[in-house]
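Before any comments, here is the structure.
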Amino acid sequence: MAICTQSCSLFCFVSIQTVLIFSLSAPGTNGFLFPQHYTMQYWAGRIEQEIDRVVRLVSGVQQIKGIYNEKRNQFEIKKNSPKELVEKVALDIEKLLAKKRKALERLARAAEVFQRANAWKDNIKENEIEYYDAKADSEYADEFDGEEGAQMKSTSQQLQLTFVDDPNFKNQVNYSSTAVQIPTDIYKGSAVILNELNWTAALEEVFIQNRNEDPSLLWQVFGSATGVTRYYPATPWKPPNKIDLYDVRRRPWYIQGASSPKDMVIIVDVSGSVSGLTLRLMKTSVKQMLDTLSDDDYVNVGKFSETAEQVSCFDHLVQANVHNKKMFKRDVENMMAKGTTDYKTGLEFAFNQLLNKSSAPRANCNKIIMMFTDGGEDRVQDVFEKYNWPNKTVRVFTFSVGQHNYDVTPLQWMACANKGYYYEIPSMGAIRINTQEYLDVLGRPMVLAGKKAKKVQWTNVYQDNLGLGLVVTGTMPVFNLTMEGNMQNQLLLGVMGVDIPLNEIKKLTPQYNLGANGYMYAVDPNGYVLLHPNLRPKIINFGELVTLDLLDAELEDENKQQIRRDMIDGKPGEKRIRTLIKSIDERYIDESVRTYTWAPVNGTDYSLGLVLPPYSFHYIRANLSDQILQVQLQNNFNKDFESLLPSSFESEGHVFIAPREYCKDLQLSDNNTEFLDNFIALMEKVTPDSKQCDNFLLHNLILDTGIIRQLVDRVWKNWDLSTYGLLAVFAATDGGITRVFPHKAAEDWDENPEPFNTSYYRRSLDNPGYIFRAPYRDQNSDLLDPVNDTIGILVSTAVDININGKVLKPAVVGVKLDLESWVEKFKILASNQTDNRQGSRKCGPGGACEMDCEVNSDDLLCVLIDDGGFLVMSNQKSHWTQVGMFFSEVDSSLMNTLFNKSFYKRKESYDYQSVCTPTPNSNTGAARRGVFVPTIADFLNLAWWTSATAWSLFQQLLYGLAYNSWLSIDDVTADDMDSREVSCITKQTQFYYGNRTVAYNQMIDCVNCSRLFSAQRLSNTNLLFVVADKMMCSSCETVKLSQSETGSEGPHLCEQLDSPRYRRGPPTCFDYSVLENSADCGRGFSFKPSLGVLMSLQVLLLCLTAGPQLLPTPFCL
């Protein structure tokens, strides 16, 4: 009884609610009712039938299947075996990297031999060294005049080179010589640099030998610990910015190869004594220090005075990735100076960070404390005794910052007593060199480990500075093998590197036989992708690594998290999952099935994966020969090939061919008409079986050309498109052919000629039925003019064929609707009229009639919205200018209701590859950066002179004059001076159908009014048919949903600390050697200021502040 009662109650509640909703649509002043549910179903059915009838009839979607069957003898069905494909490509990549490894090992051995055999020369002269200075012939050198420009070009006059274009390098090169790049802030005439140039010259022969054995080798580079870069082949230097601050020691590949991973805590003295320029020096130094860390390192930054705390929200060490370092830099900039210095507080904070037993991931290798301060008297020996002695597992590096007269002996002692190093940073110019030289200290255990440390490492992806684009670099450290008395030298000579462009690795992967939605990808131990179709950084020549996580390259879910973890751990596997897919235009989300297959690349830390949709397990391979099909232009009988000629476009429709590398001699072009001309010209000279051509690509292109030509002749030419309200009919194929009919419709065709790179093609393959897409518009777009603009709605559907039980989707066909014509048809179909406008109104017993979308357009809103929430069609003429907009821009309250009732779900994600305009620096005055310029009123104000600002400025003036370094200019931030765009994060929002509900009726209830609406999914399409009262209630207005991409800080980094993404660090660590000699720990140097200058300045200050009333005038004269 209880069950029955509940069931009846629920039924009665639903029934009463439904009755109430529709009883509210009682006849109004015009005597019209809101359409009933069965009426909506009837209208929806008519719309569905008309769409299917027209598209099926005109596009030839059924006929093309028959044409494929007729040409069955011209192609065969091949199988994609995921496991075999992954294993084969992984083996090919392994062989490729092994060849590069061999070159690296030869170079590293040779460098060590050459350096050991070369005797140091104290009195070496610059004119004794002959080398090609890469900067001398660059545009950078031309910007300098006078003595500096002459000095830069003098060396290149001793070695003049000629260059030839090489498309592999995307540059002009000279194969008989190396080039040398020396950082701008290093004096190239010093003995250290000249001796370095002397012995590295012998590397030239080894570079050339490597290239002779492996012509595919590209840049071979030796980065010296002195800052010298010698690379082969020679090419003029291309500075990344107008001010060239390139230093090989700060490049990602050098940093990775120069030391083992690091756990680093940076602590900054923010006591009151460091205000002004000293604090500015510290902030800049910390930011430069962060740039020396890679994704294998972990870091935290703290500040201390009487107390210590982290500068950011991180309460433990975090991975030194791009996003975390940006957050540190931002927060470091906000540090304020106050209080007194307490070294004990700061150092205890650092040791606790490094030595606690937290479960948070870390590098678990080198442990380092970096302390920046202006000086102090306490050695805090008790802290070191408690935390670090006797094992000294933590190295302590100390930095005396600013120009002051404090005793630096305690800072020197701290570094020397804890296997670190002491540095001085008196001015901006000293920051870059002194924040990177600690790598030499960390390299000592590696050098002393000898062959155990001679391992090739492969980097993350980054932008090559010489124009290769995205590359990975194999690195190997080069050690100093000379002896110092009875002890082995423990200095790192540098790092050897060999570049591999990602395109070279991509060539080893199958592409077109995987279909438009199949792809291969690869990840490194950090989970970052080095191969992925979504790895498309929009900015070039920036200093950051390209670190796109697999879970950011795709839409994250639990299955992908596990796949990523298995790949990082080097485990093979396969898994079929249902997952969300973001469309290539980033407007839509599809839920589709994918099979992931993965395996490790032996000999590397990389893992390779393959993703296939169900319809891509088989593909077509055309089998055409010269005897069966000749494609020479003189064969007039070959109608298939003739249909590619522009002369046939008027009758056969316009042809676009995908810009693929069909043949080696085919010149690619972004202009498809020009590319087509190049293709036709080449076909006059070669046959489809030519060895210089890719037979798979070329044969499939020719096969598809014939199939689509027959579709045109048999179907498209038989219909008057305007009769059906169509602007165009089109077809695109896996083989790379896109044909648009009639020819004039190609003028408005703005789709990518590569079908695999179009949203309509890829979405049609993943979704059944007809996929509608209106031209995209946002709130910032210019309004369309329905009178002068022809608005077309693209409708596409996949061609699925079944051959012997093997399902394929080798093509997509479709039509382009004329919006104006189809709106009229839509209104008729969603009305109580027939197509020929005959028939009676559908009225109730009391004479009241149901409203419809044609007659009652003033009171009734009728729209078609696609699965992304974009307006496709409306019975309101005022909406025509808004077709293609997100529907919330058209009717926000109705879109909110559709979202809240789960017709739509929202998916938010972040794009880490976006480009933004940099925020202008507020410091745009003419004064030197970082220097406060007081006014005359300030000078005359005694209160100003007693302020901290005045004293800080005076202190800098005092010691600046004394040490001859007043106002040293900071060049370190010049990397960004000419930057017009910067990498940034944007937040993307997409909407997609949230449930399987096909129909829904609801009342939007407001305070004083209500609004009825009814929604119905149109079967076999991606459309939602919505009918609603036009009445808008101001009290119903809600926050408008947005689909626009917006700037973002990304997900809150500190909220992610509890669940960091899995990664695996390098398997080896070299952070300790019993043979290490830490006696060289940086003793600093002693300033000897002029006593006369100091006394004169003190007298001047006294006169300015006291005035003649307190001091006799002669005293101040």
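Identifiers for the structure tokens are assigned positionally: chains receive A, B, ... in sequence, residues are indexed from 1 per chain, and ligands are indexed from 1 in the order shown.
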
DSSP strand (DSSP E) residues within segment 488-737 of chain A, as number ranges by chain:
A: 488, 492-501, 519-523, 529-531, 573-582, 589-600, 607-612, 618-622, 654-657, 726-733, 737

Taking 6 positions as the minimum chain separation for residues in the same chain, which residues sit within 10 Å of segment 346-349 of chain A when counting only C-alpha atoms? Answer as a ChimeraX atom specification.
/A:265-269,302-310,369-371,380,383-384,386-387,396

Applying 12 Å and only C-alpha atoms, which residues near Tyr462 of chain A remain after dropping the ones on its own chain fewer than 4 positions away? List them as a count of residues only.
32

Env of Cys1081 of chain A: 8 Å cut, atoms = only C-alpha atoms, seq-sep filter 6 positions within chain, self excluded. Answer as number ranges by chain.
A: 412, 415-416, 419-422

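Minimum atom-to-atom distance to Cys862 of chain A, evaluated using only C-alpha atoms, belongs to A:Met40 out of A:Ile620, A:Met40, A:Val461, A:Met414.
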
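With only C-alpha atoms as the atoms that count, the residue of A:Ser358, A:Ser1044, A:Thr162, A:Thr733 with the shortest distance to Leu765 of chain A is A:Thr733.
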